[in-house]
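S.K.: What follows is start16.pdb; its format and atoms are PDB, C-alpha atoms.
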```pdb
ATOM      1  CA  MET J   1     -21.519  -6.166  12.557
ATOM      2  CA  MET J   2     -19.228  -7.774  15.035
ATOM      3  CA  ALA J   3     -15.628  -6.633  15.409
ATOM      4  CA  THR J   4     -12.837  -9.071  16.198
ATOM      5  CA  GLU J   5      -9.779  -7.975  18.153
ATOM      6  CA  HIS J   6      -6.366  -8.893  16.715
ATOM      7  CA  GLN J   7      -3.044  -8.879  18.476
ATOM      8  CA  PRO J   8      -0.161  -7.147  16.663
ATOM      9  CA  PRO J   9       2.316  -9.475  14.951
ATOM     10  CA  SER J  10       5.470 -10.260  16.892
ATOM     11  CA  THR J  11       7.677  -9.211  13.960
ATOM     12  CA  PRO J  12       6.926  -7.043  10.939
ATOM     13  CA  ARG J  13       5.931  -8.988   7.842
ATOM     14  CA  PRO J  14       7.277  -7.999   4.432
ATOM     15  CA  ILE J  15       4.687  -6.936   1.872
ATOM     16  CA  THR J  16       5.381  -7.269  -1.841
ATOM     17  CA  VAL J  17       3.231  -5.491  -4.417
ATOM     18  CA  VAL J  18       3.491  -7.194  -7.803
ATOM     19  CA  PRO J  19       1.761  -5.814 -10.919
ATOM     20  CA  ALA J  20      -0.939  -7.938 -12.542
ATOM     21  CA  GLY J  21       0.509 -10.436 -14.990
ATOM     22  CA  ALA J  22       3.979 -10.334 -13.444
ATOM     23  CA  ALA J  23       5.633 -13.374 -11.953
ATOM     24  CA  ARG J  24       5.129 -13.858  -8.230
ATOM     25  CA  PRO J  25       8.182 -13.516  -5.989
ATOM     26  CA  ALA J  26      10.242 -16.645  -5.491
ATOM     27  CA  ALA J  27      10.251 -16.197  -1.703
ATOM     28  CA  THR J  28       8.287 -14.008   0.670
ATOM     29  CA  GLY J  29       9.656 -10.481   0.638
ATOM     30  CA  THR J  30      12.079 -11.178  -2.229
ATOM     31  CA  PRO J  31      10.741 -10.218  -5.668
ATOM     32  CA  ASP J  32      12.342 -12.086  -8.532
ATOM     33  CA  ALA J  33      14.048 -10.166 -11.319
ATOM     34  CA  GLY J  34      11.041 -10.280 -13.665
ATOM     35  CA  ALA J  35       8.408  -9.257 -11.136
ATOM     36  CA  HIS J  36       9.201  -5.537 -10.917
ATOM     37  CA  GLY J  37       7.686  -5.773  -7.453
ATOM     38  CA  ILE J  38       8.086  -3.298  -4.662
ATOM     39  CA  THR J  39       9.095  -4.805  -1.359
ATOM     40  CA  CYS J  40       8.742  -2.858   1.839
ATOM     41  CA  THR J  41       9.072  -3.853   5.448
ATOM     42  CA  PRO J  42       6.299  -2.556   7.675
ATOM     43  CA  PRO J  43       7.163  -0.648  10.826
ATOM     44  CA  THR J  44       7.468  -2.375  14.167
ATOM     45  CA  ALA J  45       4.368  -3.980  15.603
ATOM     46  CA  ARG J  46       1.468  -1.616  16.189
ATOM     47  CA  PRO J  47      -1.994  -2.125  17.634
ATOM     48  CA  MET J  48      -4.347  -3.548  15.034
ATOM     49  CA  PRO J  49      -7.817  -2.027  14.714
ATOM     50  CA  PRO J  50     -10.838  -4.300  15.015
ATOM     51  CA  LEU J  51     -11.696  -6.226  11.866
ATOM     52  CA  LEU J  52     -14.800  -4.961  10.060
ATOM     53  CA  LEU J  53     -17.271  -7.205   8.251
ATOM     54  CA  GLY J  54     -15.827  -7.998   4.809
ATOM     55  CA  GLN J  55     -12.476  -6.328   5.486
ATOM     56  CA  PRO J  56      -9.516  -8.181   3.878
ATOM     57  CA  ALA J  57      -7.374  -9.841   6.519
ATOM     58  CA  ASP J  58      -4.863 -12.587   7.036
ATOM     59  CA  ALA J  59      -3.758 -14.467  10.141
ATOM     60  CA  GLU J  60      -1.960 -11.357  11.433
ATOM     61  CA  GLY J  61      -4.823  -8.890  11.100
ATOM     62  CA  PRO J  62      -6.358  -6.464   8.615
ATOM     63  CA  VAL J  63      -4.542  -5.975   5.326
ATOM     64  CA  PHE J  64      -5.755  -2.367   5.189
ATOM     65  CA  ARG J  65      -6.373  -0.262   8.292
ATOM     66  CA  GLU J  66      -9.296   1.663   6.722
ATOM     67  CA  PRO J  67     -11.629   0.956   3.766
ATOM     68  CA  TRP J  68     -10.355   4.025   1.854
ATOM     69  CA  GLU J  69      -6.849   2.505   1.844
ATOM     70  CA  ALA J  70      -8.160  -0.565   0.004
ATOM     71  CA  GLN J  71     -10.023   1.673  -2.436
ATOM     72  CA  ALA J  72      -6.927   3.770  -3.172
ATOM     73  CA  PHE J  73      -4.886   0.593  -3.655
ATOM     74  CA  ALA J  74      -7.510  -0.852  -6.020
ATOM     75  CA  LEU J  75      -7.657   2.376  -8.053
ATOM     76  CA  VAL J  76      -3.914   2.332  -8.660
ATOM     77  CA  VAL J  77      -3.928  -1.334  -9.679
ATOM     78  CA  SER J  78      -6.942  -0.798 -11.982
ATOM     79  CA  LEU J  79      -5.445   2.259 -13.682
ATOM     80  CA  HIS J  80      -2.157   0.429 -14.169
ATOM     81  CA  GLU J  81      -3.928  -2.627 -15.605
ATOM     82  CA  ALA J  82      -5.815  -0.305 -17.981
ATOM     83  CA  GLY J  83      -2.420   0.819 -19.310
ATOM     84  CA  LEU J  84      -2.685   4.403 -18.099
ATOM     85  CA  PHE J  85       0.745   4.277 -16.466
ATOM     86  CA  SER J  86       3.541   1.753 -16.026
ATOM     87  CA  TRP J  87       4.371   0.207 -12.694
ATOM     88  CA  ASN J  88       7.771   1.909 -12.847
ATOM     89  CA  GLU J  89       6.049   5.299 -13.275
ATOM     90  CA  TRP J  90       3.847   4.502 -10.280
ATOM     91  CA  ALA J  91       6.790   3.388  -8.139
ATOM     92  CA  ALA J  92       8.707   6.571  -8.974
ATOM     93  CA  THR J  93       5.704   8.783  -8.185
ATOM     94  CA  LEU J  94       5.008   7.047  -4.871
ATOM     95  CA  SER J  95       8.693   7.052  -3.926
ATOM     96  CA  ALA J  96       8.928  10.786  -4.612
ATOM     97  CA  ARG J  97       5.922  11.431  -2.359
ATOM     98  CA  ILE J  98       7.407   9.342   0.455
ATOM     99  CA  VAL J  99      10.839  10.989   0.202
ATOM    100  CA  THR J 100       9.253  14.439   0.219
ATOM    101  CA  ALA J 101       7.223  13.525   3.309
ATOM    102  CA  GLN J 102      10.276  12.134   5.100
ATOM    103  CA  LEU J 103      12.279  15.272   4.308
ATOM    104  CA  GLY J 104       9.358  17.250   5.725
ATOM    105  CA  GLY J 105       9.496  15.347   9.017
ATOM    106  CA  ASP J 106       7.196  12.358   8.487
ATOM    107  CA  PRO J 107       8.457   9.830  11.066
ATOM    108  CA  ASP J 108       7.641   6.920   8.688
ATOM    109  CA  LEU J 109       5.805   4.835  11.275
ATOM    110  CA  GLY J 110       3.527   3.252   8.671
ATOM    111  CA  THR J 111       0.420   5.177   9.656
ATOM    112  CA  THR J 112       0.811   7.688   6.813
ATOM    113  CA  TYR J 113       1.725   5.243   4.026
ATOM    114  CA  TYR J 114      -1.671   5.264   2.328
ATOM    115  CA  HIS J 115      -1.875   9.044   2.658
ATOM    116  CA  HIS J 116       1.265   9.101   0.477
ATOM    117  CA  TRP J 117      -0.310   6.465  -1.788
ATOM    118  CA  LEU J 118      -3.388   8.651  -2.293
ATOM    119  CA  ALA J 119      -1.326  11.812  -2.862
ATOM    120  CA  ALA J 120       0.809   9.941  -5.413
ATOM    121  CA  LEU J 121      -2.374   8.748  -7.137
ATOM    122  CA  GLU J 122      -3.457  12.385  -7.417
ATOM    123  CA  ASP J 123      -0.023  13.336  -8.750
ATOM    124  CA  ILE J 124       0.110  10.665 -11.445
ATOM    125  CA  THR J 125      -3.476  11.175 -12.623
ATOM    126  CA  ARG J 126      -2.857  14.933 -12.843
ATOM    127  CA  ALA J 127       0.417  14.390 -14.732
ATOM    128  CA  LYS J 128      -1.326  12.028 -17.159
ATOM    129  CA  GLY J 129      -4.223  14.412 -17.696
ATOM    130  CA  LEU J 130      -6.735  11.982 -16.180
ATOM    131  CA  THR J 131      -8.353  14.498 -13.825
TER     132      THR J 131
END
```
Can I see the file as structure tokens?

M.R.:
Amino acid sequence: MMATEHQPPSTPRPITVVPAGAARPAATGTPDAGAHGITCTPPTARPMPPLLLGQPADAEGPVFREPWEAQAFALVVSLHEAGLFSWNEWAATLSARIVTAQLGGDPDLGTTYYHHWLAALEDITRAKGLT
């Protein structure tokens, strides 16, 4: 496996998560009214880790910093698509986790985002009796 070095982007890029089957946003970072997307702006530029073989990436670097982040993301999307929870339920659960972390001192630098994602996944599966 050969790693490729990536330079951090000069400005943060917006990321929009749109549920399967929903309309795509009309413009980057701006979900349309029917999309029920979640738009977040990443933190300021940070060093990008080397790209691993098969790791999703775009022109600005890896989409996920670690493989487990991609797996957690895929689990949430799959469970939602299976109808086990609505996207609004997911957004509320994830938001609650993030707010709790921020109130507890999380500096919200972007490095803990998928830790909150994973904790929210545990919360919603427990609440739905899926564990």

S.K.: Between J:Glu69, J:Gly104, J:Val99, J:Leu109, which one has atoms that come closest to Leu121 (chain J), using only C-alpha atoms?

M.R.: J:Glu69

S.K.: Measure the distance from CA of Thr112 (chain J) to CA of Ala59 (chain J) in Å and round it to one decimal.

M.R.: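 Rounded to one decimal, the two atoms are 22.9 Å apart.
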
S.K.: Report, in Å to a single decimal, how far apart CA of Pro62 (chain J) and CA of Ala82 (chain J) are.

M.R.: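 Taking CA of Ala82 (chain J) and CA of Pro62 (chain J), their separation equals 27.3 Å.
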
S.K.: Using Å and a single decimal, report how far CA of Arg126 (chain J) sits from CA of His80 (chain J).

M.R.: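 According to the coordinates, CA of His80 (chain J) and CA of Arg126 (chain J) are separated by 14.6 Å.
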
S.K.: Going by the chain IDs and residue numbers used in this file, which residues fall under the PyMOL selection byres ((chain J and resi 85-96) around 8)? Write them as an NGL selection string.

M.R.: :J and (19 or 36 or 38 or 79-80 or 83-84 or 97-100 or 116-117 or 120-121 or 123-124)
